[in-house]
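Before any comments, here is the structure.
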Amino acid sequence: MNEFDYIIVGAGSAGCVLANRLTADGRYRVLLLEAGGSDRTPWIQVPIGYGRTFNDPKVNWMYQAEPDPGLAQRTGFWPRGKVLGGSSSINAMVYIRGHRGDYDDWAAAGNPGWSYRDVLPYFIKSEDNVWGASEYHGAGGPLHVSEFSKRVHPVCHHFLDACAVAGFQPTPDFNGAQMEGTGLWQMNIRDGVRESTANAYLRPAMGRANLRVETRAHATRVLFEGTHATGVEYLQRGQRQTARASREVILSGGAVNSPQLLQLSGVGATALLQGLGIAPVVDAPAVGQGLQDHLALTFFYKSRVPTLNDELYPLSGKIKAGLRYLLGRQGILGMSVNQAGAFVRSRESLERPNLHLYFNPLSYTTAPSTKKRLTNPDPWPGFLMSFNTCRPTSRGSLAITSADPLAPPAIRPNSLATPEDLQDVFEGAALLRRIAAAAPLASIIESELQPGAAVQTPEALLEDFRQRAGTVYHASCTCAMGPDPRTAVVDAQLRVYGTTGLRVVDASVFPSVTSGNTNAPTIMVAEKAADLILRAAT
């Protein structure tokens with residue numbers, strides 16, 4: 001039978017959460033459609049394996065953005081998960097919720113129920129935190145959150161000490177009472193294995209009789225009767241299939257695929273749809289608009305002391321690391337290379353952090369391409385520091401260019417389109433160099449490899465940013481939540497304006513991007529959405 005109560009399109013960070021929560025009490029039949037395949041591969045399950053999945057079309061959509069005027073007309077690489085677990089199966093596993101002000105901003109923008117006070121219970125509900133239950137953390141939830149303070153590379157402490165000398169103090173918990181500060185990242189890793197939403201939420205639910213999971217099932221359009229969503233059409237093994245939903249269709253394809261599917265289904269700007277021969281169902285001009293992302297620049301350094309390069313570049317080091325992992329899931333293969341960082345203010349006058357800093361105890365300046373950047377580090381000791389704006393004000397867009405559901409959409413990031421984002425370019429570069437000049441780091445730096453000492457003037461720094469900066473894969477806001485259907489796609493209940501029986505639940509509904517990594521906020525959105533959906537069903 002192809003009739004269900006709910007159909008979820010996309011088994012990613014949000015879709016796996018929904019599949020678990022909507023089937024928990026056995027009342028509702030749920031179909032989960034995933035365009036990709038199984039996540040049962042070592043390159044996904046071994047935490048450091050994301051260096052391979054970064055460039056693997058078997059598990060990655062591997063999108064290319066349109067030439068970006070703000071980035072010297074370069075075309076950015078936009079990896080997105082195409083596998084059970086979605087992008088949570090190929091990301092760097094850093095667990096960051098964002099600043100409490102991010103969610104208060106959402107509520108203030110006309111989205112009741114989405115303030116920090118409203119959403120904190122859903123972060124706590126999702127968590128199985130190694131620190132146990134507290135005012136800010138949960139224990140016993142599906143998603144394991146670990147910490148690696150005793151296992152990070154020693155050069156991380158040089159970074160933290162340099163930050164302190166530069167005037168930035170530590171915070172004990174980026175996800176607790178105070179986000180601002182320096183520290184070591186918490187990770188979604190359980191006993192040396194990646195804690196994707198497929199592992200945390202979907203696997204425990206897959207034995208339920210009321211959940212059906214279809215992989216290699218590429219959704220091609222939402223089916224409508226008038227403006228009521230009744231089901232989904234999808235391609236699987238070359239055959240066109242349809243499934244019916246008696247209650248709701250829920251799009252959880254992410255910030256690229258959810259707006260793409262809406263437009264393919266006739267929900268979008270009428271002029272765009274008619275120009276491509278698609279019959280409009282709802283004139284929804286905000287679909288695909290408002291795109292936000294975090295854009296980072298990396299400074300690379302040659303080190304006077306050993307770094308992870310010394311362990312992972314030689315073949316002997318790779319073998320040793322592999323054996324340590326196989327014998328007890330220990331060592332660097334059971335962690336992320338993204339180990340330390342900070343959220344800081346570049347100006348005292350700011351009310352909250354405006355810059356997100358990253359520190360990795362390895363470098364990859366000799367990698368043949370950015371798409372393969374994690375597969376092999378440099379043959380000398382090195383490390384990197386990066387920065388990005390926490391809350392960019394530039395907005396891009398996304399739109400289909402064909403009625404062909406297999407054709408990728410046009411992604412237009414529109415980077416550095418505002419004076420505020422440009423200011424953070426200069427302040428971020430200056431801040432990284434200020435930290436690098438502090439004695440704890442300066443003492444171990446042999447040289448700044450990129451951008452290099454010659455890049456000093458504002459003009460040169462901006463040009464360097466335009467030539468080298470790239471996304472850190474936090475695409476969001478393309479089906480934004482808001483009170484006005486002219487500027488938003490979904491309401492505060494995540495229902496698509498102008499339709500019935502249709503919701504969007506993923507990072508595309510963010511009204512504005514959160515201050516940090518987006519996987520944890522996406523899981524929170526899905527936890528809250530599950531409650532909204534189940535309440536509406538009673």
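Here's how to read the names in the structure tokens: chain A, B, ... by the order shown, residue numbers from 1 in each chain, ligand numbers from 1 in the order shown.
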
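Excluding Pro285 (chain A) itself and same-chain residues fewer than 4 positions from it, the residues having an atom within 10 Å of it are Val267, Gly268, Ala269, Thr270, Ala271, Leu272, Gln289, Pro485, Arg486, Thr487, Ala488 and Val489 of chain A, counting only C-alpha atoms.
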
For Ala72 (chain A): contacts at 9 Å, only C-alpha atoms, fewer than 5 positions along chain excluded, given as a list in words: Pro67, Glu463, Arg466 and Gln467 of chain A

Take the residues that were just selected and, keeping C-alpha atoms, output them as a short mmCIF file (atom, residue, chain, number, x, y, z; two decimals), in the first residue's frame.
data_model
loop_
_atom_site.label_atom_id
_atom_site.label_comp_id
_atom_site.auth_asym_id
_atom_site.auth_seq_id
_atom_site.Cartn_x
_atom_site.Cartn_y
_atom_site.Cartn_z
CA PRO A 67 29.51 32.73 -10.12
CA GLU A 463 40.92 40.83 -2.41
CA ARG A 466 37.22 37.43 -2.36
CA GLN A 467 39.73 34.97 -3.86
#

Minimum-distance residue to Ser196 (chain A), chosen among A:Val119, A:Ala520, A:Leu355, A:Leu315 (using only C-alpha atoms): A:Ala520

Picked from region 216-385 of chain A by DSSP as alpha helix (DSSP H), as a PyMOL selection string: chain A and resi 254-264+270-275+308-312+315-328

Pick from A:Met385, A:Leu120, A:Leu432, A:Ala407, whichever lies nearest to Tyr301 (chain A) using only C-alpha atoms: A:Met385

Contacts of Arg100 (chain A) at 9 Å (only C-alpha atoms; same-chain gap of 5+ positions) as a PyMOL selection string: chain A and resi 105+115-117+120+179

Selected residues written out with C-alpha atoms, as a compact mmCIF listing (two decimals), in the first residue's frame:
# COMPACT_ATOMS: atom_id res chain seq x y z
CA ASP A 105 15.28 37.53 17.18
CA SER A 115 12.23 32.44 21.52
CA TYR A 116 15.22 30.94 23.32
CA ARG A 117 13.04 30.17 26.32
CA LEU A 120 15.60 25.36 24.98
CA MET A 179 28.18 31.15 24.49

Any idea what's packed within 9 Å of region 76-86 of chain A, counting only C-alpha atoms, ignoring anything in its chain fewer than 5 positions away? Could you give it as an mmCIF file with N, CA and C atoms, in the first residue's frame?
data_model
loop_
_atom_site.group_PDB
_atom_site.id
_atom_site.type_symbol
_atom_site.label_atom_id
_atom_site.label_comp_id
_atom_site.auth_asym_id
_atom_site.auth_seq_id
_atom_site.Cartn_x
_atom_site.Cartn_y
_atom_site.Cartn_z
ATOM 1 N N GLY A 10 12.958 13.486 2.630
ATOM 2 C CA GLY A 10 14.314 13.791 3.070
ATOM 3 C C GLY A 10 14.627 13.185 4.422
ATOM 4 N N ALA A 11 15.561 12.225 4.446
ATOM 5 C CA ALA A 11 15.950 11.558 5.695
ATOM 6 C C ALA A 11 17.238 12.168 6.225
ATOM 7 N N GLY A 12 17.217 13.493 6.416
ATOM 8 C CA GLY A 12 18.405 14.194 6.878
ATOM 9 C C GLY A 12 18.331 14.564 8.337
ATOM 10 N N SER A 13 18.964 15.671 8.696
ATOM 11 C CA SER A 13 19.030 16.088 10.092
ATOM 12 C C SER A 13 17.655 16.259 10.697
ATOM 13 N N ALA A 14 16.689 16.747 9.916
ATOM 14 C CA ALA A 14 15.325 16.924 10.415
ATOM 15 C C ALA A 14 14.456 15.704 10.149
ATOM 16 N N GLY A 15 14.537 15.140 8.966
ATOM 17 C CA GLY A 15 13.640 14.059 8.577
ATOM 18 C C GLY A 15 13.746 12.828 9.452
ATOM 19 N N CYS A 16 14.958 12.487 9.882
ATOM 20 C CA CYS A 16 15.128 11.323 10.755
ATOM 21 C C CYS A 16 14.490 11.561 12.120
ATOM 22 N N GLU A 34 14.056 9.075 0.855
ATOM 23 C CA GLU A 34 15.418 9.599 0.800
ATOM 24 C C GLU A 34 15.995 9.376 -0.596
ATOM 25 N N ALA A 35 16.477 10.456 -1.214
ATOM 26 C CA ALA A 35 17.029 10.361 -2.567
ATOM 27 C C ALA A 35 18.324 9.571 -2.601
ATOM 28 N N GLY A 36 19.081 9.596 -1.495
ATOM 29 C CA GLY A 36 20.341 8.862 -1.426
ATOM 30 C C GLY A 36 20.135 7.441 -0.935
ATOM 31 N N GLY A 37 21.262 6.819 -0.576
ATOM 32 C CA GLY A 37 21.217 5.429 -0.159
ATOM 33 C C GLY A 37 21.573 5.252 1.305
ATOM 34 N N SER A 38 22.065 4.078 1.622
ATOM 35 C CA SER A 38 22.385 3.713 2.995
ATOM 36 C C SER A 38 23.601 4.486 3.504
ATOM 37 N N ASP A 39 23.634 4.679 4.818
ATOM 38 C CA ASP A 39 24.771 5.322 5.466
ATOM 39 C C ASP A 39 25.736 4.294 6.042
ATOM 40 N N ARG A 40 25.543 3.024 5.727
ATOM 41 C CA ARG A 40 26.373 1.971 6.326
ATOM 42 C C ARG A 40 27.693 1.833 5.579
ATOM 43 N N THR A 53 33.908 11.782 2.309
ATOM 44 C CA THR A 53 32.533 12.040 1.873
ATOM 45 C C THR A 53 32.362 13.464 1.355
ATOM 46 N N PHE A 54 33.309 14.334 1.710
ATOM 47 C CA PHE A 54 33.293 15.708 1.214
ATOM 48 C C PHE A 54 33.262 15.753 -0.311
ATOM 49 N N ASN A 55 33.800 14.721 -0.947
ATOM 50 C CA ASN A 55 33.917 14.723 -2.406
ATOM 51 C C ASN A 55 33.412 13.408 -3.002
ATOM 52 N N PRO A 57 30.197 11.659 -4.696
ATOM 53 C CA PRO A 57 28.847 11.844 -5.232
ATOM 54 C C PRO A 57 27.876 10.742 -4.833
ATOM 55 N N LYS A 58 28.360 9.644 -4.272
ATOM 56 C CA LYS A 58 27.459 8.587 -3.816
ATOM 57 C C LYS A 58 26.657 9.024 -2.597
ATOM 58 N N VAL A 59 27.200 9.964 -1.811
ATOM 59 C CA VAL A 59 26.529 10.379 -0.578
ATOM 60 C C VAL A 59 26.375 11.896 -0.491
ATOM 61 N N ASN A 60 26.707 12.602 -1.550
ATOM 62 C CA ASN A 60 26.816 14.060 -1.501
ATOM 63 C C ASN A 60 26.251 14.644 -2.797
ATOM 64 N N TRP A 61 25.334 15.614 -2.659
ATOM 65 C CA TRP A 61 24.777 16.258 -3.846
ATOM 66 C C TRP A 61 25.833 17.043 -4.614
ATOM 67 N N MET A 62 26.868 17.531 -3.941
ATOM 68 C CA MET A 62 27.998 18.212 -4.583
ATOM 69 C C MET A 62 27.547 19.344 -5.508
ATOM 70 N N TYR A 63 26.739 20.233 -4.967
ATOM 71 C CA TYR A 63 26.256 21.362 -5.749
ATOM 72 C C TYR A 63 27.365 22.375 -6.016
ATOM 73 N N GLN A 64 27.193 23.112 -7.091
ATOM 74 C CA GLN A 64 28.055 24.245 -7.412
ATOM 75 C C GLN A 64 27.185 25.492 -7.461
ATOM 76 N N ALA A 65 27.598 26.510 -6.711
ATOM 77 C CA ALA A 65 26.875 27.777 -6.756
ATOM 78 C C ALA A 65 27.164 28.508 -8.060
ATOM 79 N N GLU A 66 26.333 29.483 -8.378
ATOM 80 C CA GLU A 66 26.563 30.335 -9.543
ATOM 81 C C GLU A 66 27.770 31.249 -9.280
ATOM 82 N N PRO A 67 28.410 31.769 -10.326
ATOM 83 C CA PRO A 67 29.507 32.726 -10.118
ATOM 84 C C PRO A 67 29.045 33.863 -9.198
ATOM 85 N N ASP A 68 29.849 34.142 -8.187
ATOM 86 C CA ASP A 68 29.457 35.079 -7.142
ATOM 87 C C ASP A 68 30.219 36.390 -7.295
ATOM 88 N N LEU A 71 32.658 37.296 -4.626
ATOM 89 C CA LEU A 71 33.826 36.427 -4.479
ATOM 90 C C LEU A 71 34.565 36.287 -5.801
ATOM 91 N N ASN A 91 28.946 15.868 7.955
ATOM 92 C CA ASN A 91 29.446 17.123 8.508
ATOM 93 C C ASN A 91 30.615 16.887 9.461
ATOM 94 N N SER A 196 25.137 10.666 13.753
ATOM 95 C CA SER A 196 24.225 11.311 12.809
ATOM 96 C C SER A 196 22.800 11.136 13.301
ATOM 97 N N THR A 197 21.858 11.851 12.696
ATOM 98 C CA THR A 197 20.465 11.620 13.064
ATOM 99 C C THR A 197 19.981 10.254 12.576
ATOM 100 N N ALA A 198 20.649 9.689 11.566
ATOM 101 C CA ALA A 198 20.302 8.324 11.150
ATOM 102 C C ALA A 198 20.630 7.352 12.271
ATOM 103 N N ASN A 199 21.796 7.516 12.908
ATOM 104 C CA ASN A 199 22.157 6.637 14.024
ATOM 105 C C ASN A 199 21.350 6.934 15.281
ATOM 106 N N LEU A 202 16.893 7.513 13.570
ATOM 107 C CA LEU A 202 16.227 6.639 12.595
ATOM 108 C C LEU A 202 16.418 5.165 12.903
ATOM 109 N N THR A 215 14.808 4.282 0.228
ATOM 110 C CA THR A 215 16.021 4.962 -0.240
ATOM 111 C C THR A 215 16.059 4.964 -1.765
ATOM 112 N N ARG A 216 16.969 5.752 -2.313
ATOM 113 C CA ARG A 216 17.064 5.959 -3.770
ATOM 114 C C ARG A 216 15.717 6.396 -4.326
ATOM 115 N N GLY A 253 13.999 18.402 3.013
ATOM 116 C CA GLY A 253 15.118 18.215 2.101
ATOM 117 C C GLY A 253 16.285 19.145 2.333
ATOM 118 N N GLY A 254 16.113 20.136 3.216
ATOM 119 C CA GLY A 254 17.188 21.084 3.475
ATOM 120 C C GLY A 254 17.021 22.356 2.677
ATOM 121 N N VAL A 256 18.443 23.634 0.214
ATOM 122 C CA VAL A 256 18.502 23.593 -1.249
ATOM 123 C C VAL A 256 17.315 22.820 -1.807
ATOM 124 N N THR A 370 40.153 22.234 -3.357
ATOM 125 C CA THR A 370 39.423 22.412 -2.109
ATOM 126 C C THR A 370 38.431 21.289 -1.872
ATOM 127 N N LYS A 371 37.986 20.632 -2.931
ATOM 128 C CA LYS A 371 37.046 19.535 -2.761
ATOM 129 C C LYS A 371 37.711 18.322 -2.099
ATOM 130 N N PRO A 413 24.649 32.929 -3.920
ATOM 131 C CA PRO A 413 24.909 33.312 -2.525
ATOM 132 C C PRO A 413 24.882 34.811 -2.266
ATOM 133 N N GLY A 470 35.220 30.733 1.464
ATOM 134 C CA GLY A 470 34.233 29.759 1.003
ATOM 135 C C GLY A 470 33.213 29.450 2.075
ATOM 136 N N THR A 471 32.128 28.827 1.669
ATOM 137 C CA THR A 471 31.067 28.462 2.581
ATOM 138 C C THR A 471 31.551 27.447 3.613
ATOM 139 N N VAL A 472 30.947 27.505 4.813
ATOM 140 C CA VAL A 472 31.151 26.438 5.793
ATOM 141 C C VAL A 472 29.876 25.596 5.899
ATOM 142 N N TYR A 473 29.050 25.661 4.863
ATOM 143 C CA TYR A 473 27.980 24.692 4.633
ATOM 144 C C TYR A 473 26.820 24.826 5.627
ATOM 145 N N ALA A 475 23.892 26.550 4.905
ATOM 146 C CA ALA A 475 22.814 27.129 4.101
ATOM 147 C C ALA A 475 21.485 27.058 4.850
#

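The environment of Leu184 (chain A) within 8 Å, counting only C-alpha atoms and disregarding residues fewer than 6 places along the same chain, consists of Glu147, Phe148, Ser149, Gln339, Ala340 and Gly341 of chain A.
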
Output as a tab-separated table one row per residue of region 389-449 of chain A within 8 Å of region 159-164 of chain A: the closest atom pair and its distance in Å to one decimal place, counting only C-alpha atoms, sorted by chain and residue number ascending.
residue	atom	partner	partner_atom	distance
A:Ile435	CA	A:Ala162	CA	5.6
A:Ala436	CA	A:Ala162	CA	7.2
A:Ala438	CA	A:Ala162	CA	5.2
A:Ala439	CA	A:Ala162	CA	6.5
A:Pro440	CA	A:Ala162	CA	5.0
A:Leu441	CA	A:Ala162	CA	5.8

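In this model, the gap between CA of Leu357 (chain A) and CA of Gln456 (chain A) comes to 20.0 Å.
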
Distance in Å - CA of Ala454 (chain A) versus CA of Pro379 (chain A): 23.6 Å

Residues within 10 Å of Leu261 (chain A), only C-alpha atoms, excluding chain neighbours under 4 positions, as a PyMOL selection string: chain A and resi 9+219-222+251+253+256-257+265-268+400+405+409

Just asking: which residues within region 60-304 of chain A are strand (DSSP E) according to DSSP, as an mmCIF file with C-alpha atoms, in the first residue's frame?
data_model
loop_
_atom_site.group_PDB
_atom_site.id
_atom_site.type_symbol
_atom_site.label_atom_id
_atom_site.label_comp_id
_atom_site.auth_asym_id
_atom_site.auth_seq_id
_atom_site.Cartn_x
_atom_site.Cartn_y
_atom_site.Cartn_z
ATOM 1 C CA TYR A 63 26.256 21.362 -5.749
ATOM 2 C CA GLN A 64 28.055 24.245 -7.412
ATOM 3 C CA PHE A 77 31.349 24.195 -3.836
ATOM 4 C CA TRP A 78 28.191 23.375 -1.834
ATOM 5 C CA GLU A 127 20.292 15.413 24.105
ATOM 6 C CA ASP A 128 22.201 12.622 25.740
ATOM 7 C CA ASN A 129 25.014 14.836 26.978
ATOM 8 C CA LEU A 143 21.478 12.497 20.352
ATOM 9 C CA HIS A 144 24.788 11.854 22.088
ATOM 10 C CA VAL A 145 26.948 14.918 22.745
ATOM 11 C CA GLY A 181 34.343 32.883 24.790
ATOM 12 C CA THR A 182 36.963 30.351 23.758
ATOM 13 C CA GLY A 183 37.013 26.607 24.224
ATOM 14 C CA LEU A 184 36.915 23.102 22.821
ATOM 15 C CA ILE A 189 30.258 11.325 18.417
ATOM 16 C CA ARG A 190 29.324 8.227 20.434
ATOM 17 C CA VAL A 193 31.270 6.541 15.905
ATOM 18 C CA ARG A 194 29.531 9.453 14.195
ATOM 19 C CA LEU A 211 7.468 3.343 9.532
ATOM 20 C CA ARG A 212 8.505 2.662 5.947
ATOM 21 C CA VAL A 213 11.839 3.984 4.687
ATOM 22 C CA GLU A 214 12.501 4.147 0.957
ATOM 23 C CA ALA A 217 13.648 7.601 -3.897
ATOM 24 C CA HIS A 218 14.029 11.023 -5.531
ATOM 25 C CA ALA A 219 10.943 13.173 -4.928
ATOM 26 C CA THR A 220 9.916 14.951 -8.110
ATOM 27 C CA ARG A 221 6.835 16.883 -6.989
ATOM 28 C CA VAL A 222 4.234 17.292 -4.293
ATOM 29 C CA LEU A 223 0.773 16.237 -5.465
ATOM 30 C CA PHE A 224 -2.102 18.662 -4.919
ATOM 31 C CA GLU A 225 -5.870 18.673 -5.111
ATOM 32 C CA HIS A 228 -4.262 20.789 -0.555
ATOM 33 C CA ALA A 229 -1.190 18.527 -0.559
ATOM 34 C CA THR A 230 -2.267 14.933 -1.009
ATOM 35 C CA GLY A 231 0.954 13.057 -1.677
ATOM 36 C CA VAL A 232 4.335 12.867 -3.380
ATOM 37 C CA GLU A 233 5.560 11.645 -6.735
ATOM 38 C CA TYR A 234 9.060 10.146 -6.779
ATOM 39 C CA LEU A 235 11.497 8.271 -8.975
ATOM 40 C CA GLN A 236 12.939 4.994 -7.733
ATOM 41 C CA GLN A 239 10.211 3.968 -12.133
ATOM 42 C CA ARG A 240 7.792 6.758 -11.313
ATOM 43 C CA GLN A 241 5.972 6.086 -8.050
ATOM 44 C CA THR A 242 3.285 7.927 -6.095
ATOM 45 C CA ALA A 243 2.392 7.851 -2.421
ATOM 46 C CA ARG A 244 -0.611 9.409 -0.711
ATOM 47 C CA ALA A 245 -0.727 11.215 2.625
ATOM 48 C CA SER A 246 -4.068 11.422 4.433
ATOM 49 C CA ARG A 247 -2.784 13.997 6.912
ATOM 50 C CA GLU A 248 0.335 15.896 5.812
ATOM 51 C CA VAL A 249 3.293 16.043 3.481
ATOM 52 C CA ILE A 250 6.422 17.316 5.220
ATOM 53 C CA LEU A 251 9.422 18.589 3.272
ATOM 54 C CA VAL A 267 4.615 26.686 -5.220
ATOM 55 C CA GLY A 268 6.802 29.673 -5.969
ATOM 56 C CA VAL A 282 0.310 29.025 -5.168
ATOM 57 C CA ASP A 283 2.017 32.313 -5.942
ATOM 58 C CA GLN A 289 14.644 33.883 -1.359
ATOM 59 C CA GLY A 290 16.504 35.048 1.753
ATOM 60 C CA LEU A 291 19.346 32.523 1.441
ATOM 61 C CA LEU A 295 31.319 32.413 4.721
ATOM 62 C CA ALA A 296 34.760 31.688 6.195
ATOM 63 C CA LEU A 297 38.358 32.559 5.433
ATOM 64 C CA THR A 298 41.261 30.401 6.598
ATOM 65 C CA PHE A 299 44.753 31.490 7.602
ATOM 66 C CA PHE A 300 47.355 28.706 7.344
ATOM 67 C CA TYR A 301 50.536 28.525 9.421
ATOM 68 C CA LYS A 302 53.722 26.484 9.321
ATOM 69 C CA SER A 303 54.480 25.240 12.810
#
